[in-house]
$ cat entry_6.txt   # compact mmCIF, C-alpha atoms
# COMPACT_ATOMS: atom_id res chain seq x y z
CA MET A 24 71.77 250.34 92.19
CA ASN A 25 68.20 249.66 91.07
CA PHE A 26 65.08 251.72 91.77
CA PHE A 27 64.13 249.90 94.97
CA GLN A 28 67.60 250.29 96.43
CA ILE A 29 67.73 254.01 95.66
CA MET A 30 64.16 254.73 96.76
CA SER A 31 64.36 252.81 100.03
CA PHE A 32 64.19 254.03 103.60
CA GLY A 33 67.37 254.07 105.60
CA ASP A 34 70.86 255.51 105.44
CA GLN A 35 71.48 254.46 101.83
CA GLY A 36 68.03 255.28 100.47
CA TRP A 37 66.45 258.52 99.33
CA ALA A 38 62.79 257.78 100.05
CA SER A 39 62.68 259.84 103.28
CA ASP A 40 64.34 262.82 101.60
CA MET A 41 61.91 262.72 98.68
CA LEU A 42 58.88 262.47 100.97
CA LEU A 43 60.10 265.36 103.11
CA ALA A 44 60.65 267.40 99.95
CA ALA A 45 57.11 266.54 98.84
CA LEU A 46 55.80 267.79 102.19
CA MET A 47 57.75 271.02 101.66
CA THR A 48 56.13 271.35 98.22
CA CYS A 49 52.68 270.91 99.80
CA ALA A 50 53.48 273.40 102.57
CA ILE A 51 54.66 276.16 100.26
CA SER A 52 51.75 275.52 97.89
CA VAL A 53 49.12 275.66 100.64
CA CYS A 54 50.60 278.79 102.21
CA GLY A 55 51.01 280.50 98.83
CA PHE A 56 47.50 279.59 97.67
CA SER A 57 45.90 280.67 100.97
CA SER A 58 47.71 284.00 100.99
CA GLY A 59 46.84 284.45 97.32
CA LEU A 60 43.18 283.85 98.12
CA VAL A 61 43.28 286.72 100.60
CA ILE A 62 44.90 288.93 97.96
CA GLY A 63 42.34 287.77 95.42
CA CYS A 64 39.43 288.64 97.71
CA LEU A 65 40.83 292.10 98.40
CA GLY A 66 41.55 292.64 94.73
CA CYS A 67 38.05 291.47 93.77
CA TRP A 68 36.58 293.99 96.22
CA ALA A 69 38.80 296.68 94.67
CA LYS A 70 37.75 295.81 91.13
CA LEU A 71 34.08 295.89 92.06
CA SER A 72 34.49 299.09 94.08
CA ARG A 73 32.93 302.38 93.02
CA PHE A 74 36.29 304.08 93.54
CA VAL A 75 38.10 304.55 90.25
CA LEU A 76 41.58 304.52 91.79
CA LEU A 77 41.04 301.11 93.41
CA ARG A 78 39.76 299.66 90.14
CA VAL A 79 42.77 301.02 88.25
CA VAL A 80 45.23 299.58 90.78
CA ALA A 81 43.51 296.17 90.66
CA ASP A 82 43.52 296.21 86.84
CA LEU A 83 47.23 297.01 86.77
CA TYR A 84 47.96 294.26 89.28
CA THR A 85 46.19 291.54 87.28
CA THR A 86 47.51 292.77 83.93
CA ILE A 87 51.14 292.90 85.06
CA LEU A 88 51.20 289.69 87.10
CA ARG A 89 49.46 287.63 84.44
CA GLY A 90 51.72 289.03 81.72
CA VAL A 91 55.09 288.56 83.45
CA PRO A 92 56.72 285.09 83.64
CA ASP A 93 56.35 283.51 87.06
CA LEU A 94 60.07 282.76 87.30
CA LEU A 95 60.84 286.44 86.76
CA VAL A 96 58.53 287.39 89.63
CA ILE A 97 60.35 284.95 91.92
CA TYR A 98 63.73 286.38 90.92
CA LEU A 99 62.51 289.93 91.51
CA PHE A 100 61.27 289.11 95.01
CA TYR A 101 64.38 287.11 95.91
CA PHE A 102 67.08 289.44 94.62
CA GLY A 103 65.06 292.60 95.30
CA SER A 104 64.45 291.70 98.94
CA THR A 105 68.08 290.66 99.35
CA MET A 106 69.34 293.96 97.94
CA VAL A 107 67.01 296.06 100.09
CA LEU A 108 67.73 294.13 103.31
CA THR A 109 71.48 294.17 102.69
CA GLN A 110 71.48 297.92 102.18
CA VAL A 111 69.37 298.46 105.28
CA ALA A 112 71.68 296.21 107.32
CA GLN A 113 74.77 298.03 106.09
CA SER A 114 73.22 301.37 106.95
CA ILE A 115 72.99 300.31 110.61
CA GLY A 116 76.49 298.80 110.65
CA ILE A 117 75.75 295.14 109.86
CA GLN A 118 78.06 293.82 107.16
CA GLY A 119 77.64 290.82 104.92
CA PHE A 120 74.78 289.13 103.12
CA THR A 121 71.27 289.67 104.47
CA GLY A 122 68.19 288.06 103.03
CA ILE A 123 64.90 286.44 103.89
CA PRO A 124 64.42 282.64 104.00
CA GLY A 125 63.70 280.87 100.74
CA PHE A 126 60.41 279.52 102.08
CA LEU A 127 59.14 283.01 102.83
CA VAL A 128 60.27 284.27 99.41
CA GLY A 129 58.44 281.40 97.79
CA VAL A 130 55.23 281.97 99.72
CA ILE A 131 55.23 285.69 98.94
CA ALA A 132 55.96 285.17 95.26
CA ILE A 133 53.39 282.41 94.80
CA SER A 134 50.74 284.33 96.73
CA VAL A 135 51.22 287.43 94.58
CA ILE A 136 51.18 285.37 91.37
CA SER A 137 48.19 283.21 92.28
CA GLY A 138 46.32 286.18 93.74
CA ALA A 139 46.08 287.74 90.28
CA TYR A 140 44.42 284.62 88.88
CA GLN A 141 42.18 284.06 91.88
CA LEU A 142 41.07 287.69 91.68
CA GLU A 143 39.72 287.18 88.15
CA VAL A 144 38.08 283.88 89.09
CA LEU A 145 36.30 285.52 92.03
CA ARG A 146 35.32 288.58 90.02
CA GLY A 147 33.77 286.41 87.33
CA ALA A 148 31.95 284.37 89.95
CA VAL A 149 30.48 287.46 91.61
CA HIS A 150 29.29 288.76 88.24
CA SER A 151 27.66 285.37 87.58
CA VAL A 152 25.40 285.59 90.64
CA PRO A 153 21.82 286.12 89.34
CA LEU A 154 20.62 289.66 89.83
CA GLY A 155 17.23 288.35 90.88
CA THR A 156 18.62 286.88 94.08
CA ILE A 157 20.38 290.14 94.91
CA GLU A 158 17.22 292.15 94.29
CA ALA A 159 15.25 289.70 96.45
CA GLY A 160 17.73 290.24 99.28
CA ARG A 161 17.41 294.01 98.97
CA SER A 162 13.64 293.71 99.04
CA LEU A 163 13.99 291.96 102.41
CA GLY A 164 15.86 294.98 103.74
CA LEU A 165 19.30 293.36 103.92
CA GLY A 166 22.23 295.75 104.16
CA ASN A 167 25.26 295.49 101.90
CA PHE A 168 27.26 293.35 104.33
CA LYS A 169 24.47 290.87 105.05
CA LEU A 170 23.55 290.80 101.37
CA PHE A 171 27.07 289.82 100.45
CA ALA A 172 27.57 287.36 103.32
CA LEU A 173 24.23 285.57 103.03
CA ILE A 174 23.43 285.72 99.30
CA VAL A 175 26.33 286.74 97.08
CA ALA A 176 29.28 284.99 98.75
CA PRO A 177 27.76 281.45 98.99
CA GLN A 178 26.66 281.51 95.35
CA ALA A 179 29.93 283.05 94.17
CA LEU A 180 31.97 280.43 96.04
CA ARG A 181 30.01 277.63 94.40
CA ILE A 182 30.63 279.15 90.96
CA ALA A 183 34.30 279.97 91.63
CA LEU A 184 35.32 276.61 93.08
CA PRO A 185 36.23 274.88 89.78
CA GLY A 186 38.31 277.87 88.73
CA LEU A 187 40.02 278.05 92.11
CA GLY A 188 40.78 274.34 91.80
CA ASN A 189 42.57 275.01 88.52
CA VAL A 190 44.55 277.83 90.15
CA TRP A 191 45.56 275.44 92.96
CA LEU A 192 46.99 273.00 90.42
CA LEU A 193 48.90 275.85 88.79
CA VAL A 194 50.27 276.84 92.21
CA LEU A 195 51.36 273.26 92.84
CA LYS A 196 53.34 273.24 89.59
CA ASP A 197 54.72 276.74 90.14
CA SER A 198 56.14 275.61 93.48
CA ALA A 199 58.83 273.77 91.50
CA LEU A 200 60.18 277.16 90.39
CA ILE A 201 61.05 278.02 94.00
CA SER A 202 63.98 275.62 93.71
CA VAL A 203 65.94 278.47 92.06
CA VAL A 204 66.23 280.26 95.43
CA GLY A 205 67.76 277.20 97.10
CA LEU A 206 64.69 275.88 98.92
CA VAL A 207 64.81 272.08 99.04
CA GLU A 208 61.39 271.16 97.74
CA LEU A 209 60.53 268.21 95.51
CA MET A 210 62.19 269.47 92.33
CA ARG A 211 65.34 270.63 94.12
CA GLN A 212 65.66 267.36 96.01
CA SER A 213 65.28 265.42 92.76
CA GLY A 214 68.17 267.40 91.29
CA ILE A 215 70.32 266.75 94.35
CA GLY A 216 69.61 263.02 94.25
CA ALA A 217 70.13 262.79 90.48
CA GLY A 218 73.49 264.54 90.79
CA ALA A 219 74.64 262.36 93.66
CA THR A 220 73.64 259.00 92.16
CA HIS A 221 73.78 259.78 88.41
CA GLN A 222 70.29 258.34 88.11
CA PRO A 223 68.21 261.30 86.87
CA PHE A 224 65.42 259.18 85.40
CA ILE A 225 64.70 257.50 88.73
CA PHE A 226 64.56 260.74 90.70
CA TYR A 227 62.66 262.85 88.20
CA GLY A 228 60.32 259.95 87.50
CA THR A 229 59.65 259.63 91.23
CA ALA A 230 59.07 263.37 91.45
CA ALA A 231 56.58 263.15 88.59
CA ALA A 232 54.73 260.32 90.38
CA LEU A 233 54.60 262.32 93.63
CA TYR A 234 53.32 265.44 91.82
CA TYR A 235 50.69 263.30 90.12
CA ALA A 236 49.63 261.75 93.44
CA ILE A 237 49.30 265.15 95.11
CA SER A 238 47.36 266.56 92.14
CA THR A 239 45.02 263.56 92.02
CA PHE A 240 44.32 263.72 95.74
CA SER A 241 43.74 267.48 95.52
CA SER A 242 41.37 267.08 92.57
CA HIS A 243 39.43 264.44 94.51
CA LEU A 244 39.03 266.76 97.52
CA ILE A 245 37.97 269.67 95.31
CA GLY A 246 35.45 267.43 93.55
CA ARG A 247 33.99 266.31 96.89
CA LEU A 248 33.72 269.91 98.07
CA GLU A 249 32.10 270.98 94.82
CA HIS A 250 29.61 268.12 95.10
CA LYS A 251 28.77 269.12 98.68
CA LEU A 252 28.28 272.79 97.81
CA ASN A 253 26.01 271.91 94.91
CA GLN A 254 23.72 269.68 96.99
CA PRO A 255 21.39 272.53 98.13
CA MET A 256 20.85 273.54 94.49
CA ARG A 257 19.99 269.97 93.48
CA ARG A 258 17.52 269.63 96.35
CA SER A 259 15.82 272.88 95.38

$ encode --input "entry_6.txt" --output "structure tokens"
Amino acid sequence: MNFFQIMSFGDQGWASDMLLAALMTCAISVCGFSSGLVIGCLGCWAKLSRFVLLRVVADLYTTILRGVPDLLVIYLFYFGSTMVLTQVAQSIGIQGFTGIPGFLVGVIAISVISGAYQLEVLRGAVHSVPLGTIEAGRSLGLGNFKLFALIVAPQALRIALPGLGNVWLLVLKDSALISVVGLVELMRQSGIGAGATHQPFIFYGTAAALYYAISTFSSHLIGRLEHKLNQPMRRS
């Protein structure tokens, strides 16, 4: 069978399966990145807080998560959650294996991993906001919340966007690691197809093309957003 026969639509082709797996990759990446952004915002607030305990916890979080291999984090969440849930189920009389879905494990793991990187990107962006604009806002009598919402956050977002775009691409690649928990995303589906047809080059080459297409489209959207956010600065 040649490439076009294997990657065709229909009962004998694998095109539909590969596209569905690509959609699963996008779904887990978007959910993981979005949840990680929430974690990053909370962690950034903790690192910039005047409370020493919050700063210490945020420092430990970023240090540990950025120093531990991503695959190890996924294994810890998958097997750790399975062990805890199984023990809880057995304690109430439910026997057998108990675990959480692979998609949820993947989202949690990716959000925790990406949150550490997004935290540092956001922290650096906040520190890059000119002090003069903050002092001008205080001179107008703005409170802390309005000062952050109207002055600090818009400028910080503009500065952080390129870094967040890089984190998104890392999340997209890390989503391939979720295949180890059995979730049928793009990498897992490629392995299934390669094993069934004995054509690994075709499937992994197709997966590479789909990853490249998703990354290119994402980079284009991020570039458009960055251009739009920078328009007020160019006009001024």

$ residues_around --input "entry_6.txt" --residues "Val135 in chain A" --least-positions-apart "4" --cutoff "8 Å" --atoms "only C-alpha atoms" --output "PyMOL selection string"
chain A and resi 59+62+88+131+139

$ residues_around --input "entry_6.txt" --residues "Ile157 in chain A" --least-positions-apart "4" --cutoff "12 Å" --atoms "only C-alpha atoms" --output "list in words"
Val149, His150, Ser151, Val152, Pro153, Arg161, Ser162, Leu163, Gly164, Leu165, Gly166, Asn167, Lys169, Leu170, Phe171, Ala172, Leu173, Ile174, Val175, Ala176, Gln178 and Ala179 of chain A

$ closest_residue --input "entry_6.txt" --among "A:Asp82, A:Gly205, A:Ser72, A:Phe56" --to "Ile97 in chain A" --atoms "all atoms listed in the file"
A:Gly205

$ closest_residue --input "entry_6.txt" --among "A:Gln35, A:Ala132, A:Ile215, A:Val91" --to "Gly103 in chain A" --atoms "all atoms listed in the file"
A:Ala132

$ closest_residue --input "entry_6.txt" --among "A:Leu200, A:Ala219, A:Leu252, A:Ala45" --to "Gly125 in chain A" --atoms "all atoms listed in the file"
A:Leu200

$ residues_around --input "entry_6.txt" --residues "Met30 in chain A" --least-positions-apart "5" --cutoff "10 Å" --atoms "only C-alpha atoms" --output "number ranges by chain"
A: 24-25, 35-41, 225-226, 229

$ closest_residue --input "entry_6.txt" --among "A:Ala50, A:Leu195, A:Ile115, A:Leu184" --to "Leu145 in chain A" --atoms "all atoms listed in the file"
A:Leu184

$ closest_residue --input "entry_6.txt" --among "A:Leu233, A:Ala112, A:Cys64, A:Ile245" --to "Glu208 in chain A" --atoms "all atoms listed in the file"
A:Leu233

$ decode --input "entry_6.txt" --residues "range 88-123 of chain A" --atoms "C-alpha atoms" --output "PDB file, in the first residue's frame"
ATOM      1  CA  LEU A  88       8.623  21.624  38.151  1.00  0.00           C
ATOM      2  CA  ARG A  89      11.256  23.118  35.879  1.00  0.00           C
ATOM      3  CA  GLY A  90      13.919  20.749  37.207  1.00  0.00           C
ATOM      4  CA  VAL A  91      11.965  17.477  36.972  1.00  0.00           C
ATOM      5  CA  PRO A  92      11.476  15.733  33.583  1.00  0.00           C
ATOM      6  CA  ASP A  93       7.994  16.257  32.190  1.00  0.00           C
ATOM      7  CA  LEU A  94       7.488  12.539  31.608  1.00  0.00           C
ATOM      8  CA  LEU A  95       8.204  11.867  35.277  1.00  0.00           C
ATOM      9  CA  VAL A  96       5.533  14.387  36.296  1.00  0.00           C
ATOM     10  CA  ILE A  97       3.001  12.617  34.059  1.00  0.00           C
ATOM     11  CA  TYR A  98       3.879   9.234  35.565  1.00  0.00           C
ATOM     12  CA  LEU A  99       3.575  10.622  39.096  1.00  0.00           C
ATOM     13  CA  PHE A 100       0.116  12.042  38.427  1.00  0.00           C
ATOM     14  CA  TYR A 101      -1.080   8.923  36.607  1.00  0.00           C
ATOM     15  CA  PHE A 102       0.185   6.233  38.965  1.00  0.00           C
ATOM     16  CA  GLY A 103      -0.191   8.403  42.073  1.00  0.00           C
ATOM     17  CA  SER A 104      -3.838   9.202  41.360  1.00  0.00           C
ATOM     18  CA  THR A 105      -4.521   5.566  40.492  1.00  0.00           C
ATOM     19  CA  MET A 106      -2.991   4.341  43.747  1.00  0.00           C
ATOM     20  CA  VAL A 107      -4.869   6.871  45.875  1.00  0.00           C
ATOM     21  CA  LEU A 108      -8.235   6.287  44.169  1.00  0.00           C
ATOM     22  CA  THR A 109      -7.842   2.509  44.314  1.00  0.00           C
ATOM     23  CA  GLN A 110      -7.104   2.613  48.033  1.00  0.00           C
ATOM     24  CA  VAL A 111     -10.046   4.929  48.658  1.00  0.00           C
ATOM     25  CA  ALA A 112     -12.349   2.671  46.622  1.00  0.00           C
ATOM     26  CA  GLN A 113     -11.189  -0.425  48.490  1.00  0.00           C
ATOM     27  CA  SER A 114     -11.762   1.296  51.816  1.00  0.00           C
ATOM     28  CA  ILE A 115     -15.451   1.709  50.956  1.00  0.00           C
ATOM     29  CA  GLY A 116     -15.796  -1.833  49.589  1.00  0.00           C
ATOM     30  CA  ILE A 117     -15.180  -1.274  45.863  1.00  0.00           C
ATOM     31  CA  GLN A 118     -12.707  -3.794  44.489  1.00  0.00           C
ATOM     32  CA  GLY A 119     -10.621  -3.619  41.344  1.00  0.00           C
ATOM     33  CA  PHE A 120      -8.761  -0.937  39.448  1.00  0.00           C
ATOM     34  CA  THR A 121      -9.870   2.661  39.921  1.00  0.00           C
ATOM     35  CA  GLY A 122      -8.344   5.589  38.107  1.00  0.00           C
ATOM     36  CA  ILE A 123      -9.106   8.869  36.414  1.00  0.00           C
TER      37      ILE A 123
END
